[in-house]
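For reference, data-v4.txt is printed below; it contains compact mmCIF, C-alpha atoms and all ligand atoms.
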```txt
# COMPACT_ATOMS: atom_id res chain seq x y z
CA MET A 1 83.04 -30.97 27.58
CA LYS A 2 80.32 -32.77 29.49
CA LYS A 3 80.17 -31.69 33.09
CA GLN A 4 79.50 -34.14 35.88
CA TYR A 5 77.40 -32.57 38.60
CA ARG A 6 76.85 -33.92 42.01
CA SER A 7 74.48 -32.71 44.68
CA ALA A 8 75.39 -29.85 46.99
CA LEU A 9 75.32 -32.22 49.94
CA ALA A 10 77.65 -34.74 48.35
CA GLY A 11 79.84 -31.88 47.14
CA ALA A 12 80.07 -30.38 50.61
CA PHE A 13 80.96 -33.82 52.01
CA LEU A 14 83.72 -34.32 49.43
CA GLY A 15 84.81 -30.76 50.16
CA ILE A 16 85.48 -31.75 53.76
CA ILE A 17 87.63 -34.66 52.55
CA THR A 18 89.59 -32.27 50.29
CA ALA A 19 90.02 -29.83 53.15
CA VAL A 20 91.49 -32.48 55.42
CA ALA A 21 93.82 -33.74 52.69
CA LEU A 22 95.11 -30.33 51.55
CA ASN A 23 94.70 -28.35 54.74
CA ALA A 24 92.66 -25.81 52.76
CA ALA A 25 89.20 -24.42 53.49
CA GLN A 26 86.27 -26.53 52.53
CA PRO A 27 84.40 -25.39 49.41
CA ASN A 28 80.74 -25.32 50.38
CA ILE A 29 77.32 -23.87 49.81
CA ASN A 30 75.36 -22.54 52.73
CA MET A 31 71.65 -21.69 52.42
CA THR A 32 69.95 -19.21 54.77
CA SER A 33 66.69 -17.28 54.78
CA PHE A 34 66.88 -13.89 53.04
CA GLY A 35 63.46 -12.68 54.23
CA THR A 36 60.02 -12.62 52.66
CA LEU A 37 58.49 -10.77 49.75
CA ARG A 38 55.39 -8.57 50.14
CA ASP A 39 53.22 -11.52 48.98
CA GLY A 40 54.68 -13.76 51.69
CA ARG A 41 56.94 -15.89 49.48
CA ALA A 42 60.33 -16.66 51.01
CA ALA A 43 63.65 -15.71 49.43
CA GLN A 44 66.83 -17.64 50.15
CA LEU A 45 70.47 -16.65 50.21
CA TYR A 46 73.06 -19.14 48.92
CA THR A 47 76.64 -18.46 49.97
CA LEU A 48 79.25 -20.17 47.80
CA THR A 49 82.61 -20.47 49.59
CA ASN A 50 85.72 -21.59 47.71
CA SER A 51 88.77 -23.33 49.16
CA GLN A 52 90.50 -19.94 49.65
CA GLY A 53 87.70 -18.82 51.97
CA ALA A 54 86.46 -16.23 49.45
CA LYS A 55 82.67 -16.05 49.12
CA VAL A 56 79.93 -15.06 46.74
CA ALA A 57 76.36 -14.87 48.07
CA ILE A 58 73.42 -14.99 45.67
CA THR A 59 69.69 -14.78 46.34
CA ASN A 60 67.01 -16.45 44.23
CA TYR A 61 65.16 -13.09 44.30
CA GLY A 62 66.23 -11.49 41.02
CA GLY A 63 69.27 -13.80 40.90
CA ILE A 64 70.98 -10.96 42.75
CA VAL A 65 74.66 -11.22 43.68
CA VAL A 66 74.44 -9.90 47.24
CA ARG A 67 78.05 -10.27 48.42
CA ILE A 68 81.46 -10.79 46.80
CA ILE A 69 84.01 -11.27 49.57
CA VAL A 70 87.55 -11.39 48.17
CA PRO A 71 91.07 -10.69 49.55
CA ASP A 72 93.18 -7.56 49.12
CA ARG A 73 96.95 -7.75 48.56
CA GLU A 74 97.48 -8.45 52.29
CA GLY A 75 94.95 -11.27 52.19
CA ASP A 76 92.32 -9.30 54.11
CA LEU A 77 88.79 -10.03 52.95
CA ALA A 78 86.22 -7.35 52.08
CA ASP A 79 82.84 -7.32 50.40
CA VAL A 80 83.28 -5.51 47.06
CA ALA A 81 79.63 -5.59 45.89
CA LEU A 82 77.01 -2.93 46.69
CA GLY A 83 73.69 -4.21 48.02
CA TYR A 84 71.45 -4.93 51.00
CA ASN A 85 71.34 -7.36 53.92
CA ASP A 86 67.88 -8.76 53.16
CA VAL A 87 65.35 -9.04 50.39
CA SER A 88 63.24 -6.13 51.66
CA GLY A 89 66.13 -3.76 50.88
CA TYR A 90 66.04 -4.81 47.23
CA VAL A 91 62.22 -4.71 47.05
CA LYS A 92 62.13 -1.17 48.50
CA ASP A 93 64.90 0.05 46.19
CA GLY A 94 63.41 -1.15 42.91
CA SER A 95 65.55 0.96 40.57
CA THR A 96 69.31 0.67 41.14
CA TYR A 97 69.45 -3.01 40.05
CA PHE A 98 72.26 -3.73 42.56
CA GLY A 99 73.76 -7.14 41.66
CA ALA A 100 70.71 -8.26 39.70
CA LEU A 101 70.15 -10.50 36.72
CA ILE A 102 68.72 -8.31 33.99
CA GLY A 103 66.24 -9.46 31.37
CA ARG A 104 64.52 -9.98 29.08
CA TYR A 105 66.35 -7.06 27.49
CA GLY A 106 69.26 -5.37 29.29
CA ASN A 107 69.57 -1.59 28.91
CA ARG A 108 67.25 0.67 26.90
CA ILE A 109 64.74 0.22 24.09
CA ALA A 110 63.71 3.56 22.58
CA LYS A 111 60.14 4.69 23.37
CA GLY A 112 59.50 1.20 24.78
CA GLN A 113 58.57 -0.12 21.37
CA PHE A 114 59.89 -2.26 18.54
CA THR A 115 58.62 -4.07 15.45
CA LEU A 116 59.49 -7.71 14.88
CA ASP A 117 58.50 -9.72 11.78
CA GLY A 118 56.01 -6.97 10.90
CA GLN A 119 54.31 -6.89 14.28
CA ALA A 120 54.55 -3.90 16.63
CA TYR A 121 55.21 -4.52 20.34
CA LYS A 122 54.67 -2.05 23.18
CA LEU A 123 56.69 -2.23 26.40
CA ALA A 124 56.35 -0.34 29.69
CA THR A 125 58.33 2.91 29.65
CA ASN A 126 59.88 2.67 33.11
CA ASN A 127 62.71 5.16 32.62
CA ALA A 128 63.03 8.66 31.15
CA PRO A 129 66.53 10.20 30.97
CA GLY A 130 66.30 13.79 29.73
CA ASP A 131 62.50 13.37 30.16
CA ILE A 132 62.41 11.03 27.16
CA PRO A 133 60.57 7.79 28.07
CA CYS A 134 62.13 4.43 27.21
CA ALA A 135 62.05 0.82 28.40
CA LEU A 136 64.92 -0.08 30.74
CA HIS A 137 66.22 -3.47 31.95
CA GLY A 138 63.17 -5.59 31.12
CA GLY A 139 60.35 -3.35 32.33
CA ASN A 140 58.36 -2.75 35.52
CA VAL A 141 58.91 -6.31 36.75
CA GLY A 142 62.05 -7.47 35.00
CA PHE A 143 64.04 -10.62 35.79
CA ASP A 144 65.62 -8.70 38.69
CA LYS A 145 62.27 -8.67 40.56
CA VAL A 146 61.10 -12.27 40.17
CA LEU A 147 61.76 -15.35 42.28
CA TRP A 148 63.90 -17.88 40.41
CA ASP A 149 63.98 -21.65 41.08
CA ALA A 150 67.39 -22.34 42.60
CA THR A 151 69.51 -25.49 42.66
CA PRO A 152 72.87 -25.47 44.46
CA LEU A 153 75.42 -27.69 42.74
CA PHE A 154 79.11 -28.55 42.43
CA ASP A 155 81.33 -29.06 39.40
CA LYS A 156 84.21 -31.00 40.93
CA ASP A 157 85.11 -28.68 43.85
CA THR A 158 83.61 -25.53 42.38
CA PRO A 159 80.39 -24.47 44.10
CA GLY A 160 77.60 -23.14 41.90
CA LEU A 161 73.98 -22.06 41.84
CA ARG A 162 71.64 -22.82 38.96
CA LEU A 163 68.66 -20.48 38.56
CA ARG A 164 65.69 -21.02 36.28
CA TYR A 165 62.83 -18.72 35.36
CA VAL A 166 60.16 -19.11 32.70
CA SER A 167 59.00 -15.72 31.48
CA LYS A 168 55.46 -16.03 30.09
CA ASP A 169 54.39 -15.04 26.58
CA GLY A 170 53.35 -11.37 26.80
CA GLU A 171 55.14 -10.71 30.13
CA GLU A 172 56.21 -7.06 30.19
CA GLY A 173 54.99 -6.88 26.56
CA TYR A 174 57.57 -9.30 25.12
CA PRO A 175 56.49 -12.15 22.79
CA GLY A 176 57.04 -15.85 23.53
CA ASN A 177 57.51 -18.07 26.56
CA LEU A 178 61.19 -17.62 27.36
CA ASP A 179 62.78 -20.41 29.39
CA VAL A 180 65.90 -18.97 31.04
CA THR A 181 68.67 -20.70 32.99
CA VAL A 182 71.54 -18.82 34.60
CA THR A 183 74.31 -20.66 36.44
CA TYR A 184 76.77 -18.93 38.72
CA TRP A 185 80.07 -20.66 39.59
CA PHE A 186 82.68 -19.42 42.06
CA SER A 187 86.06 -21.10 41.49
CA ASP A 188 89.12 -21.51 43.69
CA SER A 189 90.86 -18.84 41.62
CA ASN A 190 88.17 -16.31 42.63
CA GLU A 191 86.43 -16.36 39.26
CA LEU A 192 82.72 -15.67 39.28
CA ARG A 193 81.53 -17.31 36.08
CA ILE A 194 78.01 -16.63 34.80
CA GLU A 195 76.52 -18.94 32.17
CA TYR A 196 73.29 -17.70 30.59
CA SER A 197 71.01 -19.78 28.37
CA ALA A 198 67.48 -19.42 27.01
CA THR A 199 65.02 -20.87 24.53
CA THR A 200 61.76 -19.44 23.23
CA ASP A 201 58.59 -20.55 21.44
CA LYS A 202 58.19 -17.21 19.55
CA ALA A 203 60.78 -14.80 18.16
CA THR A 204 61.78 -12.31 20.88
CA PRO A 205 64.61 -9.93 21.71
CA VAL A 206 66.94 -11.29 24.43
CA ASN A 207 69.85 -9.49 26.07
CA LEU A 208 70.75 -10.89 29.49
CA THR A 209 73.32 -9.41 31.83
CA ASN A 210 74.32 -8.95 35.46
CA HIS A 211 74.15 -5.53 37.09
CA SER A 212 76.66 -5.85 39.96
CA TYR A 213 78.08 -2.58 41.26
CA PHE A 214 81.67 -2.96 42.43
CA ASN A 215 83.82 -0.94 44.78
CA LEU A 216 87.12 -2.80 44.98
CA ARG A 217 88.13 -1.02 48.19
CA GLY A 218 84.98 -2.43 49.79
CA GLU A 219 81.30 -1.50 49.54
CA GLY A 220 80.49 1.63 51.50
CA ILE A 221 84.11 2.86 51.42
CA GLY A 222 84.17 6.07 49.41
CA ASN A 223 83.82 6.60 45.68
CA ILE A 224 85.34 4.68 42.78
CA LEU A 225 87.02 7.61 41.00
CA ASP A 226 90.57 6.40 41.85
CA HIS A 227 89.92 2.95 40.37
CA VAL A 228 92.01 2.52 37.23
CA LEU A 229 90.05 1.16 34.27
CA MET A 230 91.11 -0.46 31.01
CA LEU A 231 88.49 -1.26 28.38
CA ASN A 232 89.45 -3.39 25.42
CA ALA A 233 87.38 -1.20 23.10
CA SER A 234 88.40 1.23 20.35
CA ASN A 235 84.80 2.26 19.69
CA TYR A 236 81.60 3.05 21.55
CA THR A 237 78.01 3.83 20.68
CA PRO A 238 77.28 7.54 21.36
CA VAL A 239 73.80 8.34 22.66
CA ASP A 240 71.21 11.09 22.40
CA LYS A 241 69.97 12.91 25.49
CA GLY A 242 67.52 10.08 26.17
CA LEU A 243 70.58 7.73 26.40
CA ILE A 244 69.50 5.89 23.23
CA PRO A 245 72.32 5.07 20.76
CA THR A 246 72.36 7.33 17.73
CA GLY A 247 73.33 4.31 15.57
CA GLN A 248 76.87 5.56 15.10
CA ILE A 249 79.88 3.42 16.07
CA ALA A 250 82.38 6.12 17.05
CA PRO A 251 86.12 5.83 17.78
CA VAL A 252 87.13 6.59 21.37
CA ALA A 253 90.57 7.89 20.33
CA GLY A 254 91.17 11.47 21.49
CA THR A 255 88.11 11.46 23.80
CA PRO A 256 87.55 10.85 27.54
CA PHE A 257 86.04 7.52 26.43
CA ASP A 258 89.43 6.11 25.48
CA PHE A 259 90.28 3.47 28.09
CA THR A 260 92.34 1.33 25.70
CA LYS A 261 95.22 2.33 28.01
CA PRO A 262 94.45 2.40 31.75
CA HIS A 263 93.04 5.64 33.19
CA ALA A 264 91.56 6.48 36.59
CA ILE A 265 87.79 6.65 36.23
CA GLY A 266 87.76 10.17 37.68
CA GLU A 267 90.61 11.53 35.55
CA ARG A 268 88.54 12.96 32.69
CA ILE A 269 84.98 12.56 33.96
CA GLU A 270 84.41 16.31 34.50
CA GLU A 271 85.71 17.33 31.06
CA GLN A 272 83.44 19.35 28.80
CA ASN A 273 81.94 16.69 26.59
CA GLU A 274 78.37 16.35 25.35
CA GLN A 275 78.35 12.57 25.81
CA LEU A 276 79.53 12.85 29.43
CA GLU A 277 76.86 15.50 29.96
CA PHE A 278 74.10 13.22 28.61
CA GLY A 279 75.19 10.34 30.86
CA GLY A 280 75.96 12.51 33.90
CA GLY A 281 79.38 10.83 33.58
CA TYR A 282 80.18 7.45 32.02
CA ASP A 283 77.04 5.48 31.17
CA HIS A 284 77.75 4.14 27.69
CA ASN A 285 78.12 1.01 25.61
CA TRP A 286 81.70 0.22 24.54
CA VAL A 287 82.11 -2.00 21.45
CA LEU A 288 84.73 -4.60 22.30
CA ASP A 289 87.75 -5.21 20.06
CA ARG A 290 87.43 -8.91 19.51
CA LYS A 291 90.20 -11.04 18.04
CA THR A 292 87.50 -13.12 16.40
CA GLY A 293 84.13 -11.76 15.35
CA ILE A 294 80.85 -12.73 16.89
CA ILE A 295 80.31 -16.32 15.87
CA GLY A 296 76.72 -16.72 14.75
CA LYS A 297 74.53 -13.94 15.96
CA LEU A 298 74.51 -14.42 19.69
CA ARG A 299 77.94 -15.46 20.89
CA GLY A 300 81.64 -15.23 20.31
CA SER A 301 84.54 -16.71 22.27
CA LEU A 302 85.44 -15.69 25.82
CA GLN A 303 87.74 -12.65 25.57
CA LYS A 304 88.97 -9.99 27.94
CA ALA A 305 86.72 -6.93 27.94
CA ALA A 306 87.92 -4.92 30.93
CA GLU A 307 90.34 -4.68 33.82
CA VAL A 308 89.98 -2.52 36.90
CA TYR A 309 92.72 -1.93 39.50
CA GLU A 310 92.16 -0.32 42.88
CA PRO A 311 95.52 1.08 44.10
CA ALA A 312 94.87 1.18 47.90
CA SER A 313 93.74 -2.46 48.29
CA GLY A 314 95.58 -3.83 45.25
CA ARG A 315 92.42 -5.62 44.14
CA VAL A 316 92.03 -6.30 40.43
CA LEU A 317 88.84 -7.19 38.59
CA GLU A 318 89.07 -8.64 35.10
CA VAL A 319 85.96 -9.10 32.98
CA LEU A 320 85.91 -11.71 30.23
CA THR A 321 82.91 -12.20 28.00
CA GLU A 322 81.49 -13.77 24.88
CA GLU A 323 79.32 -10.65 24.37
CA PRO A 324 80.18 -7.98 21.79
CA ALA A 325 79.94 -5.01 24.17
CA VAL A 326 79.99 -3.74 27.73
CA GLN A 327 78.02 -0.98 29.44
CA PHE A 328 80.37 0.88 31.74
CA TYR A 329 78.20 2.79 34.20
CA CYS A 330 79.89 4.54 37.12
CA GLY A 331 76.94 5.04 39.45
CA ASN A 332 76.14 8.61 38.38
CA PHE A 333 72.51 8.24 39.46
CA LEU A 334 73.31 7.01 43.00
CA ASP A 335 72.21 9.85 45.25
CA GLY A 336 72.72 8.74 48.86
CA LYS A 337 69.10 7.60 49.30
CA ASN A 338 70.03 3.90 49.36
CA VAL A 339 71.66 2.73 52.58
CA GLY A 340 73.60 -0.48 52.05
CA LYS A 341 74.90 -3.52 53.88
CA SER A 342 77.28 -1.67 56.18
CA LYS A 343 74.70 1.08 56.96
CA VAL A 344 76.50 3.54 54.70
CA ALA A 345 74.49 5.60 52.17
CA TYR A 346 75.60 4.89 48.59
CA LYS A 347 76.40 8.32 47.20
CA LYS A 348 77.09 9.32 43.60
CA ARG A 349 79.84 7.21 41.98
CA THR A 350 80.44 4.88 44.94
CA GLY A 351 80.13 1.83 42.68
CA PHE A 352 80.67 0.98 39.03
CA CYS A 353 79.07 -1.62 36.74
CA LEU A 354 80.51 -3.51 33.79
CA GLU A 355 77.42 -5.00 32.17
CA THR A 356 78.39 -7.32 29.34
CA GLN A 357 75.77 -7.13 26.63
CA HIS A 358 74.59 -6.65 23.06
CA TYR A 359 74.15 -3.00 22.19
CA PRO A 360 71.25 -1.01 23.69
CA ASP A 361 68.16 -0.55 21.49
CA SER A 362 69.27 -3.27 19.04
CA PRO A 363 65.66 -4.29 18.22
CA ASN A 364 65.29 -0.82 16.60
CA GLN A 365 68.76 -0.62 15.07
CA PRO A 366 69.18 -2.90 12.04
CA SER A 367 72.92 -2.16 11.77
CA PHE A 368 73.64 -3.50 15.31
CA PRO A 369 74.37 -7.21 15.96
CA ASP A 370 71.10 -9.14 16.05
CA THR A 371 69.42 -9.81 19.43
CA ILE A 372 66.41 -11.79 18.20
CA LEU A 373 66.13 -15.34 19.52
CA ARG A 374 63.90 -17.63 17.45
CA PRO A 375 62.20 -20.95 18.22
CA GLY A 376 64.65 -23.84 17.75
CA GLU A 377 67.66 -21.65 18.57
CA LYS A 378 69.53 -21.58 21.87
CA TYR A 379 70.75 -18.37 23.46
CA GLU A 380 74.01 -19.12 25.27
CA THR A 381 76.54 -16.67 26.57
CA VAL A 382 79.22 -16.62 29.28
CA THR A 383 80.79 -13.80 31.30
CA VAL A 384 83.52 -14.14 33.94
CA TYR A 385 84.39 -11.65 36.71
CA ARG A 386 87.87 -12.63 37.90
CA PHE A 387 89.25 -11.19 41.15
CA SER A 388 92.96 -11.05 41.98
CA THR A 389 95.48 -8.62 43.50
CA ARG A 390 98.57 -6.76 42.43
C1 LIG B 1 72.15 2.17 32.86
C2 LIG B 1 71.97 3.43 33.67
C3 LIG B 1 70.95 3.18 34.74
C4 LIG B 1 71.44 2.03 35.58
C5 LIG B 1 70.57 1.59 36.72
C6 LIG B 1 72.58 1.08 33.77
O1 LIG B 1 72.69 -0.09 33.09
O2 LIG B 1 73.05 2.32 31.82
O3 LIG B 1 71.59 4.50 32.85
O4 LIG B 1 70.73 4.30 35.51
O5 LIG B 1 71.61 0.93 34.77
O6 LIG B 1 69.38 2.04 36.85
```
Please express the file's structure as C-alpha cells.
Ligand code: BGC
Amino acid sequence: MKKQYRSALAGAFLGIITAVALNAAQPNINMTSFGTLRDGRAAQLYTLTNSQGAKVAITNYGGIVVRIIVPDREGDLADVALGYNDVSGYVKDGSTYFGALIGRYGNRIAKGQFTLDGQAYKLATNNAPGDIPCALHGGNVGFDKVLWDATPLFDKDTPGLRLRYVSKDGEEGYPGNLDVTVTYWFSDSNELRIEYSATTDKATPVNLTNHSYFNLRGEGIGNILDHVLMLNASNYTPVDKGLIPTGQIAPVAGTPFDFTKPHAIGERIEEQNEQLEFGGGYDHNWVLDRKTGIIGKLRGSLQKAAEVYEPASGRVLEVLTEEPAVQFYCGNFLDGKNVGKSKVAYKKRTGFCLETQHYPDSPNQPSFPDTILRPGEKYETVTVYRFSTR
C-alpha cells in the first residue's frame, strides 16, 4: 500500500481540525532542544502525541526512545521507558543502551570477528562477559551514539519520525556503506511501530533493533519481577559463559526459560540453572514459533512474539515482529549507578528489554538464519510495541 505523507506542519493543522470535529486531543509532533553533544552539535527531541493524549518522545541522538507515556487501567498516564532527561545523560552512560536504535549488528559477535566471502573482518571488542571479549551492539560508536537526520511526518493522523543515517564503509570495522532508514509511528491505538530499512554497496552483516527498557508500572518505580511475561517461543539459543550462542537450538520445555504460558519474570529467576548463572538472570535469545517461516532470508510476516502484563497498573505490552527471534534481557547488569528521568537510580532488574532480532553471532554460525545483506538487496523489517490495559 502506498502511503501518502504530508508535512508535520500540515499534519498538525489537520490534527486541530480533527480535534474540533471529534472532541479528541490533537495528534501532533512537538520539537524541542535535547541539549548538545561534546562536539557542540545539537540534539533534538521529537514528541509524538496521539489523539488519546499518549506520547512517545524520540531524540535524533541514537534514535533513542526517551519517553513512552501511556495510560494505566484507570486512564492515568505514566512514562514506562527508562532513560534520561537530556542528551548528556545518554552520552555519559554509554553502555546501557536505554531506548536506543542498535546497529549495525545487534547483540554479540564472538571475539569481535567474522569471515565473509573469504575475507576476515575485525571489530572492536567492547564487551567481555565472563572476561571473554566480544563485539556488542555495533561497537564503540554504534548507531546508538550517532546523530541521525530526522524528519517529522504524518500518515493520515498518525504522527511519525523518520531517521536516516549512512554508516561509512569500514565504520566500526564493518564492510560497505550502509544507508539506514528507521521510521517510528505512534498510532491512536497506542502502537509504537518501528520500520527498519537498509541498503549496502558491499556485503555486510545487518541486525537492527531497538533497546528500550520497560517498566510498565512506570520508570523509576521498583523492579520488574512481578511483570507477567509470555513468549511465543518453544526454543531458545543457549549460550556459553561469554554469552555467545553454542549453536544449539534447545527446547524451553521443563526449564525456567519456558514462557509459552505466562509466568512472572521473578518466579524462577533464582533457580539453579547454568544458563541463568551465565546471564546473571534472563539475557537470552528466544527463537519465535512462527506460523509461517521466515520469507526470504531477512523477513517474515508480522506475528506476536511476546506479551507482558503488569498487575498493579493493568498495563499490557504486546510485541509483534517480522524477526525470527527476541532477546529478553531483564536488566541484570543495571547496578544503581544510572540515575534516570525521575531522579531515581535504576537498580538491578528495574527494566526489561524485548529486542526483536536475528540470532546473536549469526555471522559465525552457518546454521542460523542468514544476516548478510548484499548490494541490490533491501533489508526491511517491522516491529510493533502495542500498549493497552487489562
Ligand atoms: C544484552 C545484555 C547487555 C545489554 C546492554 C542486551 O541486549 O543481551 O547482555 O548487557 O544489552 O548492555
Practice problem: Just give me the gap between atom CA of Leu163 of chain A and atom CA of Lys122 of chain A in Å, one decimal is fine. | Solution: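 If I compute the distance from atom CA of Leu163 of chain A to atom CA of Lys122 of chain A, I get 27.8 Å.
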Exercise. Within 7 Å of ligand LIG 1 (chain B), which residues show up when you count all atoms listed in the file? List them as a ChimeraX atom specification, please.
Key: /A:95-97,107,211,283-284,327,329,333,355
Quick one: which segment 50-157 of chain A residues come within 12 Å of segment 302-312 of chain A, and what is the nearest atom pair for each with the distance in Å to one decimal, counting only C-alpha atoms, rows ordered by chain and ascending number, as JSON lines?
```
{"residue": "A:Asp72", "atom": "CA", "partner": "A:Ala312", "partner_atom": "CA", "distance": 9.0}
{"residue": "A:Arg73", "atom": "CA", "partner": "A:Ala312", "partner_atom": "CA", "distance": 9.2}
{"residue": "A:Glu74", "atom": "CA", "partner": "A:Ala312", "partner_atom": "CA", "distance": 10.9}
{"residue": "A:Val80", "atom": "CA", "partner": "A:Glu310", "partner_atom": "CA", "distance": 11.1}
```
Quiz item: So, counting only C-alpha atoms, which residue among A:Arg162, A:Gln52, A:Leu101, A:Val228 is closest to Ala264 of chain A?
Solution: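 Comparing A:Arg162, A:Gln52, A:Leu101, A:Val228 against Ala264 of chain A, the winner is A:Val228.
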Practice problem: Please provide as a list of chain:residue names all residues within 8 Å of segment 330-332 of chain A, with the sequence filter that same-chain residues fewer than 4 positions apart are discarded (counting all atoms listed in the file). | Solution: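 After dropping sequence-adjacent residues, the list is A:Tyr213, A:Ile224, A:Gly279, A:Gly280, A:Gly281, A:Tyr282, A:Asp283, A:Lys348, A:Arg349, A:Thr350, A:Gly351, A:Phe352, A:Cys353.
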Output of the above residues as a short mmCIF file (atom, residue, chain, number, x, y, z; two decimals), in the frame of the given file, restricted to C-alpha atoms:
```
data_model
loop_
_atom_site.label_atom_id
_atom_site.label_comp_id
_atom_site.auth_asym_id
_atom_site.auth_seq_id
_atom_site.Cartn_x
_atom_site.Cartn_y
_atom_site.Cartn_z
CA TYR A 213 78.08 -2.58 41.26
CA ILE A 224 85.34 4.68 42.78
CA GLY A 279 75.19 10.34 30.86
CA GLY A 280 75.96 12.51 33.90
CA GLY A 281 79.38 10.83 33.58
CA TYR A 282 80.18 7.45 32.02
CA ASP A 283 77.04 5.48 31.17
CA LYS A 348 77.09 9.32 43.60
CA ARG A 349 79.84 7.21 41.98
CA THR A 350 80.44 4.88 44.94
CA GLY A 351 80.13 1.83 42.68
CA PHE A 352 80.67 0.98 39.03
CA CYS A 353 79.07 -1.62 36.74
#
```
I'd like the box whose edges run along x, y and z of the file and which contains every listed atom of segment 63-80 of chain A, padded by 8 Å per side; could you state its centre and edge lengths in Å, one decimal, as lines of an AutoDock Vina configuration file?
```
center_x = 83.4
center_y = -9.7
center_z = 47.5
size_x = 44.2
size_y = 24.3
size_z = 29.2
```
Practice problem: Kindly indicate which residue among A:Leu216, A:Val141, A:Leu123, A:Ala253 lies nearest to Tyr236 of chain A, using only C-alpha atoms for the distances. | Solution: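 Selected residue with least distance to Tyr236 of chain A: A:Ala253.
Of the listed residues A:Thr115, A:Thr356, A:Thr36, A:Asn60, the one whose atoms come nearest to Thr209 of chain A is A:Thr356, with distances taken using only C-alpha atoms.
For the set A:Tyr196, A:Tyr346, A:Tyr105, A:Phe387, the residue with the smallest atom-to-atom gap to Thr321 of chain A is A:Tyr196, counting only C-alpha atoms.
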Practice problem: Do a neighbour search on segment 41-51 of chain A at 8 Å with only C-alpha atoms, toss out local chain neighbours closer than 4 positions, and write the hits as JSON, numbers by chain. | Solution: {"A": [19, 24, 25, 26, 27, 28, 29, 30, 31, 32, 33, 34, 35, 36, 37, 55, 56, 57, 58, 59, 60, 61, 87, 147, 152, 158, 159, 160, 161, 186, 187, 188, 190]}
Exercise. Find the residues around Ile265 of chain A up to 7 Å (all atoms listed in the file counted), leave out those fewer than 3 positions away in its own chain, and share them as a ChimeraX atom specification.
Key: /A:225-229,269
Based on the selection just made, write C-alpha atoms of those residues as an mmCIF file, in the frame of the given file.
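Result file part14.cif:
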```cif
data_model
loop_
_atom_site.group_PDB
_atom_site.id
_atom_site.type_symbol
_atom_site.label_atom_id
_atom_site.label_comp_id
_atom_site.auth_asym_id
_atom_site.auth_seq_id
_atom_site.Cartn_x
_atom_site.Cartn_y
_atom_site.Cartn_z
ATOM 1 C CA LEU A 225 87.020 7.610 41.000
ATOM 2 C CA ASP A 226 90.570 6.400 41.850
ATOM 3 C CA HIS A 227 89.920 2.950 40.370
ATOM 4 C CA VAL A 228 92.010 2.520 37.230
ATOM 5 C CA LEU A 229 90.050 1.160 34.270
ATOM 6 C CA ILE A 269 84.980 12.560 33.960
#
```
Quiz item: Quick one: of A:Tyr121, A:Trp185, A:Tyr379, A:Phe143, who's nearest to Arg104 of chain A, counting only C-alpha atoms?
Solution: A:Phe143
Quiz item: Out of A:Val382, A:Leu243, A:Pro262, A:Val316, which residue has the shortest atom-to-atom distance to Gly130 of chain A when counting all atoms listed in the file?
Solution: A:Leu243
Any chance you could model N, CA and C atoms for segment 305-317 of chain A and send them as a PDB file, keeping the file's coordinate frame?
```pdb
ATOM      1  N   ALA A 305      87.419  -8.175  28.273  1.00  0.00           N
ATOM      2  CA  ALA A 305      86.720  -6.930  27.940  1.00  0.00           C
ATOM      3  C   ALA A 305      87.259  -5.761  28.756  1.00  0.00           C
ATOM      4  N   ALA A 306      87.589  -6.026  30.031  1.00  0.00           N
ATOM      5  CA  ALA A 306      87.920  -4.920  30.930  1.00  0.00           C
ATOM      6  C   ALA A 306      88.818  -5.379  32.056  1.00  0.00           C
ATOM      7  N   GLU A 307      89.563  -4.412  32.607  1.00  0.00           N
ATOM      8  CA  GLU A 307      90.340  -4.680  33.820  1.00  0.00           C
ATOM      9  C   GLU A 307      90.284  -3.429  34.692  1.00  0.00           C
ATOM     10  N   VAL A 308      90.041  -3.642  35.972  1.00  0.00           N
ATOM     11  CA  VAL A 308      89.980  -2.520  36.900  1.00  0.00           C
ATOM     12  C   VAL A 308      90.948  -2.805  38.049  1.00  0.00           C
ATOM     13  N   TYR A 309      91.740  -1.797  38.409  1.00  0.00           N
ATOM     14  CA  TYR A 309      92.720  -1.930  39.500  1.00  0.00           C
ATOM     15  C   TYR A 309      92.436  -0.856  40.532  1.00  0.00           C
ATOM     16  N   GLU A 310      92.394  -1.282  41.801  1.00  0.00           N
ATOM     17  CA  GLU A 310      92.160  -0.320  42.880  1.00  0.00           C
ATOM     18  C   GLU A 310      93.467  -0.198  43.664  1.00  0.00           C
ATOM     19  N   PRO A 311      94.154   0.961  43.577  1.00  0.00           N
ATOM     20  CA  PRO A 311      95.520   1.080  44.100  1.00  0.00           C
ATOM     21  C   PRO A 311      95.649   0.845  45.609  1.00  0.00           C
ATOM     22  N   ALA A 312      94.703   1.297  46.442  1.00  0.00           N
ATOM     23  CA  ALA A 312      94.870   1.180  47.900  1.00  0.00           C
ATOM     24  C   ALA A 312      94.830  -0.274  48.368  1.00  0.00           C
ATOM     25  N   SER A 313      93.895  -1.052  47.853  1.00  0.00           N
ATOM     26  CA  SER A 313      93.740  -2.460  48.290  1.00  0.00           C
ATOM     27  C   SER A 313      94.556  -3.407  47.415  1.00  0.00           C
ATOM     28  N   GLY A 314      94.903  -2.966  46.218  1.00  0.00           N
ATOM     29  CA  GLY A 314      95.580  -3.830  45.250  1.00  0.00           C
ATOM     30  C   GLY A 314      94.641  -4.795  44.538  1.00  0.00           C
ATOM     31  N   ARG A 315      93.342  -4.678  44.806  1.00  0.00           N
ATOM     32  CA  ARG A 315      92.420  -5.620  44.140  1.00  0.00           C
ATOM     33  C   ARG A 315      92.301  -5.312  42.650  1.00  0.00           C
ATOM     34  N   VAL A 316      92.179  -6.397  41.887  1.00  0.00           N
ATOM     35  CA  VAL A 316      92.030  -6.300  40.430  1.00  0.00           C
ATOM     36  C   VAL A 316      90.778  -7.073  40.037  1.00  0.00           C
ATOM     37  N   LEU A 317      89.987  -6.481  39.172  1.00  0.00           N
ATOM     38  CA  LEU A 317      88.840  -7.190  38.590  1.00  0.00           C
ATOM     39  C   LEU A 317      89.053  -7.249  37.083  1.00  0.00           C
TER      40      LEU A 317
END
```
